[in-house]
Each structure stands twice: as C-alpha cells, then as structure tokens.
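J.: Okay, handing you the structure first.
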Amino acid sequence: MPQSSQNMLDFFARGREAASLEASRAWADLPVRMLENAHPPGELATPPMQELMLSQAVGRPFRHRSDISAGPFSGRAEPGAFVVIPPGVPGRCQMQDAARMRFLGIPADLAREWLGRDPDDPLDFGRLHAMLHQDPLITQALNALWQELGRRGDPAARLFVEGIALALVVRLVRLSEQVREVDACRGGLAPYQSARVIEYMHANLNQRITLGDLAGLTGLSPWHFARAFRRSHGLPPHRYLTQLRIQRARDLLARNPLPVTAVAGATGYSVSQLTRHFRQAVGQTPSAYRDQKHRRPRRVPGH
C-alpha cells in the first residue's frame, strides 16, 4: 500500500481546496475528525491520506464521475449517498454540478485496532470503494458525530464520539460483505473484567477516560468491549460513566456546601458541562441541589 503523506484536514484547509472548506469539527486530542466542503463544478482530487475516509453527499443532488482506485463509476449523488476512501489510496471526483459533501476521517491505525486487524491490513471494504451507497445507519452515525464533535471538550461527548465512530466502522464491515467475521462476545464481560472496569471508572472520574482505556483493561478490542459492556450493564460505557460522575457530584454536594467549580473538577467536567449533565439527570442545577441540601430550617418563635 502506498505511503500516506497527508491528513484530511490539512489537505482541505490548504491550497486550492481551502476556498471550498465550509466547516470543520476536530479536537486536538481526539482522532475522529469531520469537515463540510462546498465544491463548485470541477474536479476534486484527493492524494493518499493517513485516514480511513468516508465522503457523503449532503444538500442538493449532483452529477459526478468518480474513481477511488477501484474502478470508475458515475451517476447522480443523492443526499446521504456515500463512498469509502481507504488510507493510502488517491481519489478523484469530477462534478458536473456544485456539490456539498461531508467528510469523516478516522486514523487508519485506530480503525485497524478497533477491528482487531494487523498493522499492515489495507482496510479494504470492497464494493464500498467502487460505487455510491445509501444506508440509514451510516447517515444517523455521521449526523450524530457532527453534532457531538461540536461539543468541544465535553468528556461525555468524547467517549460518545469514539463509540459512534466505532459502530460506524463496524457497520462498514457489515456492508462490505468482504471482511472476515470476528468472534462476538455473546455473554458480556466476565465478572472480573466488569469489576476491573468499574473500579477504574470510580478511581478516575476526574480524568479523561477513553473507550480504548477501558477496553485495554479487559484484553478485548474496543468493539468487543463496547458490546460486552452493554450486555453486562444495560448501558453503553459513556452513559454508565456519566451516571457515575453525576452520582459523585450529588454525593459531594450533599455532604458539603462546596463550590460548583470544585465539584466540576472532581468529576472531570467544566462548570458548564456539569451543569448541563446534572440538570438532565437530576432536574435542577448543581447549585440549586447544594442549596436545597444545606438549607437551614426556620426557627419557630417560642420553640
């Protein structure tokens, strides 16, 4: 496979493509990245990239002729239609109409890790490179990723983004009909695995916790871990972790009239993030909850 020399955001943010870049959503320490591109009629040629990329048509339909190094294809790109561009492979699209596209980039090494692949696996998704496809689950995942990547710095959003991106990659595997089957974790986590993960969560609620961190504690791939965790606990890892953080916040606020800033730091949130998640879970703000717990009863005259 040819060596990749560029990443997706650098390519679209510089040179002649910079004028077409409408929006990008990326965190410095989160590998999953997205952008939207409004391209005039003409050619879009992408060099070999470092990421596994997915390009989806959004907005109005447009006519095109494309080749992702798997044979030329052409037609009308309807909203939601997508094609997968493997890492290290150039792509070319000749558009007869103005086109709006959304791109997702996931580092190739991370995608291989999620799927339990060898380091030199080409990430070949077969027919997904050779024609446009429509899939409602892929569209839902891309829309959710775009929304969550807009919540910069939110620890819950970070874990949620990883989980959605993982599910999307696995969905591509299913759609490709070419990738080897992997053994499913049918019985959930073993008791010792579950205990290790929950203990780690409790001990690190004030820290960044990734899906890879949790999966590494069990010896499972992130994909297997996410499925097994949900079977064992009834919730995906990011939602379970949010519940633990909110419970710690409630305990701290009920025990002492602490500043909300201190409670936010102890739960891995900013003040605004804690307020949003706390209100969703409890129905009131952290400060209102604290004040309610520490309100002194009125003294009745004569008693």
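FYI, nothing fancy with the structure tokens labels: chains A, B, ... in order, residues from 1 per chain, ligands from 1 as they appear.
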Quick one: residues within 7 Å of Gln56 in chain A, only C-alpha atoms, excluding same-chain residues fewer than 3 positions away - as a compact mmCIF listing (two decimals) with N, CA and C atoms, in the first residue's frame?

T.:
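around07.txt was written with the following content:
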# COMPACT_ATOMS: atom_id res chain seq x y z
N GLY A 80 -27.15 11.82 1.24
CA GLY A 80 -26.95 10.60 2.02
C GLY A 80 -26.08 9.57 1.34
N ALA A 81 -25.87 9.70 0.02
CA ALA A 81 -25.03 8.73 -0.69
C ALA A 81 -23.58 8.89 -0.24
N PHE A 82 -22.89 7.77 -0.03
CA PHE A 82 -21.52 7.84 0.47
C PHE A 82 -20.62 6.85 -0.25
N VAL A 83 -19.32 7.13 -0.18
CA VAL A 83 -18.30 6.23 -0.68
C VAL A 83 -17.17 6.21 0.34
N MET A 101 -20.42 18.25 0.32
CA MET A 101 -20.05 16.94 0.83
C MET A 101 -19.57 17.05 2.27
N ARG A 102 -19.81 16.00 3.01
CA ARG A 102 -19.33 15.88 4.38
C ARG A 102 -18.31 14.75 4.41
N PHE A 103 -17.17 15.01 5.05
CA PHE A 103 -16.10 14.02 5.12
C PHE A 103 -15.85 13.62 6.57

J.: Report the residues of range 58-224 of chain A whose backbone DSSP state falls under strand (DSSP E or B), written as an MDAnalysis selection string.

T.: chainID A and resid 58 62:67 72:77 82:85 91:95 99:107 133

J.: Print the selection's residues with N, CA and C atoms to a file, as a compact mmCIF listing (two decimals), in the first residue's frame.

T.:
# COMPACT_ATOMS: atom_id res chain seq x y z
N VAL A 58 -24.35 15.77 0.84
CA VAL A 58 -25.38 16.45 1.63
C VAL A 58 -25.89 17.62 0.79
N PHE A 62 -26.14 15.97 -7.09
CA PHE A 62 -25.21 16.45 -8.11
C PHE A 62 -24.73 15.28 -8.96
N ARG A 63 -24.37 15.58 -10.20
CA ARG A 63 -23.86 14.57 -11.12
C ARG A 63 -22.35 14.48 -10.98
N HIS A 64 -21.83 13.28 -11.14
CA HIS A 64 -20.39 13.08 -10.92
C HIS A 64 -19.86 11.91 -11.73
N ARG A 65 -18.53 11.90 -11.89
CA ARG A 65 -17.76 10.75 -12.36
C ARG A 65 -16.62 10.57 -11.37
N SER A 66 -16.50 9.40 -10.78
CA SER A 66 -15.54 9.19 -9.69
C SER A 66 -14.72 7.93 -9.88
N ASP A 67 -13.56 7.91 -9.23
CA ASP A 67 -12.70 6.72 -9.21
C ASP A 67 -11.88 6.75 -7.93
N PRO A 72 -13.81 3.16 -12.21
CA PRO A 72 -14.65 4.35 -12.32
C PRO A 72 -16.13 4.05 -12.14
N PHE A 73 -16.86 5.01 -11.61
CA PHE A 73 -18.31 4.92 -11.50
C PHE A 73 -18.88 6.33 -11.63
N SER A 74 -20.12 6.44 -12.04
CA SER A 74 -20.71 7.75 -12.28
C SER A 74 -22.20 7.70 -12.02
N GLY A 75 -22.82 8.87 -12.03
CA GLY A 75 -24.27 8.93 -11.81
C GLY A 75 -24.66 10.19 -11.08
N ARG A 76 -25.74 10.09 -10.35
CA ARG A 76 -26.31 11.21 -9.60
C ARG A 76 -26.17 10.92 -8.11
N ALA A 77 -25.48 11.79 -7.42
CA ALA A 77 -25.27 11.62 -5.98
C ALA A 77 -26.42 12.28 -5.22
N PHE A 82 -22.89 7.77 -0.03
CA PHE A 82 -21.52 7.84 0.47
C PHE A 82 -20.62 6.85 -0.25
N VAL A 83 -19.32 7.13 -0.18
CA VAL A 83 -18.30 6.23 -0.68
C VAL A 83 -17.17 6.21 0.34
N VAL A 84 -16.48 5.08 0.46
CA VAL A 84 -15.38 4.93 1.41
C VAL A 84 -14.06 5.05 0.66
N ILE A 85 -13.16 5.87 1.19
CA ILE A 85 -11.83 6.07 0.61
C ILE A 85 -10.81 5.45 1.56
N GLY A 91 -8.01 9.51 -4.61
CA GLY A 91 -9.38 9.53 -5.12
C GLY A 91 -9.58 10.68 -6.08
N ARG A 92 -10.54 10.51 -6.96
CA ARG A 92 -10.80 11.55 -7.95
C ARG A 92 -12.30 11.62 -8.22
N CYS A 93 -12.84 12.83 -8.20
CA CYS A 93 -14.27 13.03 -8.47
C CYS A 93 -14.43 14.24 -9.39
N GLN A 94 -15.04 14.02 -10.53
CA GLN A 94 -15.35 15.11 -11.47
C GLN A 94 -16.83 15.43 -11.32
N MET A 95 -17.13 16.63 -10.86
CA MET A 95 -18.52 17.02 -10.58
C MET A 95 -19.05 17.92 -11.68
N ALA A 99 -21.46 20.89 -5.57
CA ALA A 99 -21.68 19.76 -4.66
C ALA A 99 -21.31 20.14 -3.24
N ARG A 100 -22.13 19.70 -2.31
CA ARG A 100 -21.80 19.83 -0.89
C ARG A 100 -21.57 18.44 -0.33
N MET A 101 -20.42 18.25 0.32
CA MET A 101 -20.05 16.94 0.83
C MET A 101 -19.57 17.05 2.27
N ARG A 102 -19.81 16.00 3.01
CA ARG A 102 -19.33 15.88 4.38
C ARG A 102 -18.31 14.75 4.41
N PHE A 103 -17.17 15.01 5.05
CA PHE A 103 -16.10 14.02 5.12
C PHE A 103 -15.85 13.62 6.57
N LEU A 104 -15.63 12.34 6.78
CA LEU A 104 -15.21 11.80 8.07
C LEU A 104 -13.84 11.18 7.90
N GLY A 105 -12.93 11.46 8.83
CA GLY A 105 -11.61 10.86 8.81
C GLY A 105 -11.30 10.17 10.13
N ILE A 106 -10.92 8.90 10.06
CA ILE A 106 -10.53 8.12 11.23
C ILE A 106 -9.13 7.57 10.97
N PRO A 107 -8.14 7.83 11.83
CA PRO A 107 -6.80 7.31 11.59
C PRO A 107 -6.82 5.82 11.29
N HIS A 133 -23.32 4.41 -2.07
CA HIS A 133 -24.24 3.59 -1.30
C HIS A 133 -25.11 4.48 -0.42

J.: Of the candidates A:Gly126, A:Pro31, A:Gly163, A:Pro47, which shows the shortest atom-to-atom distance to Ala144 in chain A, using only C-alpha atoms?

T.: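 Among A:Gly126, A:Pro31, A:Gly163, A:Pro47, it is A:Gly163 that comes nearest to Ala144 in chain A.
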
J.: Quick one: everything within 12 Å of Gln147 in chain A, counting only C-alpha atoms, minus sequence neighbours fewer than 2 positions away in the same chain. Send it as a ChimeraX atom specification.

T.: /A:24-26,33-35,140-145,149-152,157-158,160-161,164

J.: What's around Ile209 in chain A at 9 Å? Count only C-alpha atoms, leave out sequence neighbours fewer than 6 positions away in its own chain, and write the answer as number ranges by chain.

T.: A: 155, 158-159, 201, 241

J.: Those residues with N, CA and C atoms, as a PDB file, in the first residue's frame please?

T.:
ATOM      1  N   PRO A 155     -16.268  15.716  28.309  1.00  0.00           N
ATOM      2  CA  PRO A 155     -15.803  14.338  28.481  1.00  0.00           C
ATOM      3  C   PRO A 155     -16.818  13.303  28.033  1.00  0.00           C
ATOM      4  N   ARG A 158     -16.773  13.117  24.303  1.00  0.00           N
ATOM      5  CA  ARG A 158     -15.566  12.445  23.815  1.00  0.00           C
ATOM      6  C   ARG A 158     -15.770  10.929  23.738  1.00  0.00           C
ATOM      7  N   LEU A 159     -16.282  10.342  24.793  1.00  0.00           N
ATOM      8  CA  LEU A 159     -16.493   8.898  24.809  1.00  0.00           C
ATOM      9  C   LEU A 159     -17.603   8.511  23.841  1.00  0.00           C
ATOM     10  N   MET A 201     -13.151   3.212  36.508  1.00  0.00           N
ATOM     11  CA  MET A 201     -14.015   4.378  36.326  1.00  0.00           C
ATOM     12  C   MET A 201     -14.118   5.183  37.614  1.00  0.00           C
ATOM     13  N   LEU A 241     -20.640   5.860  32.508  1.00  0.00           N
ATOM     14  CA  LEU A 241     -19.655   6.755  33.102  1.00  0.00           C
ATOM     15  C   LEU A 241     -20.288   8.089  33.492  1.00  0.00           C
TER      16      LEU A 241
END

J.: Would you mind listing what lies within 12 Å of Ala156 in chain A as a count of residues only, with only C-alpha atoms counted and same-chain residues fewer than 2 positions away left out?

T.: 37

J.: Which residues come within 10 Å of Lys293 in chain A, counting only C-alpha atoms, excluding same-chain residues fewer than 5 positions away, as a PDB file with N, CA and C atoms, in the first residue's frame?

T.:
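Result file is result_14.pdb:
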ATOM      1  N   ARG A 250     -23.475  14.519  43.101  1.00  0.00           N
ATOM      2  CA  ARG A 250     -24.562  14.580  44.087  1.00  0.00           C
ATOM      3  C   ARG A 250     -24.035  14.298  45.488  1.00  0.00           C
ATOM      4  N   LEU A 253     -21.964  17.334  46.742  1.00  0.00           N
ATOM      5  CA  LEU A 253     -22.807  18.497  47.032  1.00  0.00           C
ATOM      6  C   LEU A 253     -23.673  18.279  48.267  1.00  0.00           C
ATOM      7  N   ALA A 254     -24.101  17.041  48.494  1.00  0.00           N
ATOM      8  CA  ALA A 254     -24.933  16.746  49.662  1.00  0.00           C
ATOM      9  C   ALA A 254     -24.111  16.718  50.942  1.00  0.00           C
ATOM     10  N   ARG A 255     -22.845  16.340  50.823  1.00  0.00           N
ATOM     11  CA  ARG A 255     -22.000  16.187  52.011  1.00  0.00           C
ATOM     12  C   ARG A 255     -21.503  17.529  52.529  1.00  0.00           C
ATOM     13  N   ASN A 256     -21.085  18.412  51.616  1.00  0.00           N
ATOM     14  CA  ASN A 256     -20.534  19.707  51.999  1.00  0.00           C
ATOM     15  C   ASN A 256     -21.015  20.769  51.009  1.00  0.00           C
ATOM     16  N   PRO A 257     -21.186  22.004  51.461  1.00  0.00           N
ATOM     17  CA  PRO A 257     -21.589  23.085  50.545  1.00  0.00           C
ATOM     18  C   PRO A 257     -20.412  23.567  49.700  1.00  0.00           C
ATOM     19  N   SER A 287     -25.926  24.002  41.842  1.00  0.00           N
ATOM     20  CA  SER A 287     -26.008  24.978  42.936  1.00  0.00           C
ATOM     21  C   SER A 287     -27.364  24.913  43.637  1.00  0.00           C
ATOM     22  N   ALA A 288     -28.436  24.724  42.874  1.00  0.00           N
ATOM     23  CA  ALA A 288     -29.761  24.601  43.491  1.00  0.00           C
ATOM     24  C   ALA A 288     -29.847  23.336  44.334  1.00  0.00           C
TER      25      ALA A 288
END

J.: If you run DSSP on this backbone, which residues of range 132-269 of chain A come out as helix (DSSP H, G or I), and could you give them as a VMD selection string?

T.: chain A and resid 136 to 149 155 to 176 191 to 203 211 to 218 222 to 233 237 to 255 260 to 266

J.: Go ahead and save the picked residues with C-alpha atoms, as a short mmCIF file (atom, residue, chain, number, x, y, z; two decimals), in the first residue's frame.

T.:
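Printed below is part.cif as written:
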data_model
loop_
_atom_site.label_atom_id
_atom_site.label_comp_id
_atom_site.auth_asym_id
_atom_site.auth_seq_id
_atom_site.Cartn_x
_atom_site.Cartn_y
_atom_site.Cartn_z
CA PRO A 136 -29.72 4.99 7.13
CA LEU A 137 -27.48 3.79 9.97
CA ILE A 138 -24.41 5.37 8.39
CA THR A 139 -26.31 8.64 7.92
CA GLN A 140 -27.51 8.60 11.54
CA ALA A 141 -23.97 7.95 12.77
CA LEU A 142 -22.49 10.77 10.69
CA ASN A 143 -25.15 13.22 11.86
CA ALA A 144 -24.57 12.24 15.50
CA LEU A 145 -20.80 12.58 15.12
CA TRP A 146 -21.16 16.02 13.56
CA GLN A 147 -23.33 17.15 16.45
CA GLU A 148 -21.17 15.68 19.22
CA LEU A 149 -17.92 17.00 17.74
CA PRO A 155 -15.80 14.34 28.48
CA ALA A 156 -19.12 12.61 27.84
CA ALA A 157 -19.12 13.75 24.22
CA ARG A 158 -15.57 12.45 23.82
CA LEU A 159 -16.49 8.90 24.81
CA PHE A 160 -19.73 9.11 22.82
CA VAL A 161 -17.82 10.16 19.68
CA GLU A 162 -15.49 7.18 19.99
CA GLY A 163 -18.42 4.84 20.46
CA ILE A 164 -20.31 6.17 17.43
CA ALA A 165 -17.21 6.09 15.23
CA LEU A 166 -16.53 2.51 16.31
CA ALA A 167 -20.10 1.50 15.49
CA LEU A 168 -19.82 3.21 12.11
CA VAL A 169 -16.64 1.33 11.19
CA VAL A 170 -18.25 -1.97 12.18
CA ARG A 171 -21.29 -1.07 10.07
CA LEU A 172 -18.97 -0.56 7.09
CA VAL A 173 -17.62 -4.04 7.72
CA ARG A 174 -21.12 -5.47 7.60
CA LEU A 175 -21.97 -3.57 4.43
CA SER A 176 -18.80 -4.52 2.62
CA PRO A 191 -17.19 -10.70 36.48
CA TYR A 192 -13.50 -9.92 37.00
CA GLN A 193 -13.43 -7.81 33.81
CA SER A 194 -16.51 -5.88 34.85
CA ALA A 195 -15.13 -5.27 38.34
CA ARG A 196 -11.82 -4.03 36.93
CA VAL A 197 -13.54 -1.58 34.56
CA ILE A 198 -15.94 -0.20 37.18
CA GLU A 199 -13.12 0.20 39.70
CA TYR A 200 -11.08 2.10 37.11
CA MET A 201 -14.01 4.38 36.33
CA HIS A 202 -14.55 5.19 40.01
CA ALA A 203 -10.84 5.87 40.54
CA LEU A 211 -13.02 3.67 25.14
CA GLY A 212 -9.53 2.34 24.45
CA ASP A 213 -8.55 2.79 28.11
CA LEU A 214 -11.50 0.70 29.27
CA ALA A 215 -11.12 -1.96 26.59
CA GLY A 216 -7.43 -2.33 27.46
CA LEU A 217 -8.37 -3.34 31.00
CA THR A 218 -10.28 -6.33 29.66
CA PRO A 222 -12.88 -1.65 21.71
CA TRP A 223 -15.66 -3.06 19.53
CA HIS A 224 -15.98 -6.29 21.54
CA PHE A 225 -15.70 -4.37 24.80
CA ALA A 226 -18.48 -1.88 23.96
CA ARG A 227 -20.86 -4.70 23.03
CA ALA A 228 -19.95 -6.83 26.04
CA PHE A 229 -20.22 -3.89 28.46
CA ARG A 230 -23.71 -3.04 27.25
CA ARG A 231 -24.81 -6.67 27.62
CA SER A 232 -23.47 -6.75 31.17
CA HIS A 233 -24.68 -3.36 32.39
CA PRO A 237 -19.86 2.76 28.52
CA HIS A 238 -20.21 6.53 28.02
CA ARG A 239 -23.69 6.64 29.57
CA TYR A 240 -22.63 4.47 32.50
CA LEU A 241 -19.65 6.76 33.10
CA THR A 242 -21.87 9.84 33.01
CA GLN A 243 -24.13 8.29 35.65
CA LEU A 244 -21.13 7.67 37.91
CA ARG A 245 -19.92 11.24 37.51
CA ILE A 246 -23.32 12.70 38.31
CA GLN A 247 -23.67 10.45 41.35
CA ARG A 248 -20.29 11.61 42.63
CA ALA A 249 -21.37 15.22 42.13
CA ARG A 250 -24.56 14.58 44.09
CA ASP A 251 -22.63 12.95 46.92
CA LEU A 252 -20.13 15.82 47.13
CA LEU A 253 -22.81 18.50 47.03
CA ALA A 254 -24.93 16.75 49.66
CA ARG A 255 -22.00 16.19 52.01
CA VAL A 260 -19.59 24.11 41.98
CA THR A 261 -16.16 24.66 40.42
CA ALA A 262 -14.61 22.21 42.89
CA VAL A 263 -17.27 19.60 42.19
CA ALA A 264 -16.81 20.03 38.45
CA GLY A 265 -13.08 19.40 38.79
CA ALA A 266 -13.68 16.30 40.88
#

J.: Just how far from CA of Gly219 in chain A is CA of Leu54 in chain A, in Å to one decimal?

T.: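 For CA of Leu54 in chain A relative to CA of Gly219 in chain A, the distance reads 28.8 Å.
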
J.: In terms of the shortest atom-to-atom distance over only C-alpha atoms, which of A:Asn206, A:Thr285, A:Ser221, A:Gln280 is closest to Glu113 in chain A?

T.: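 Using only C-alpha atoms, Glu113 in chain A sits closest to A:Ser221.
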
J.: Counting only C-alpha atoms, figure out which residue out of A:Gly234, A:Pro41, A:Gly15, A:Gly283 gets nearest to Asp97 in chain A.

T.: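 Of A:Gly234, A:Pro41, A:Gly15, A:Gly283, the one nearest Asp97 in chain A is A:Pro41, counting only C-alpha atoms.
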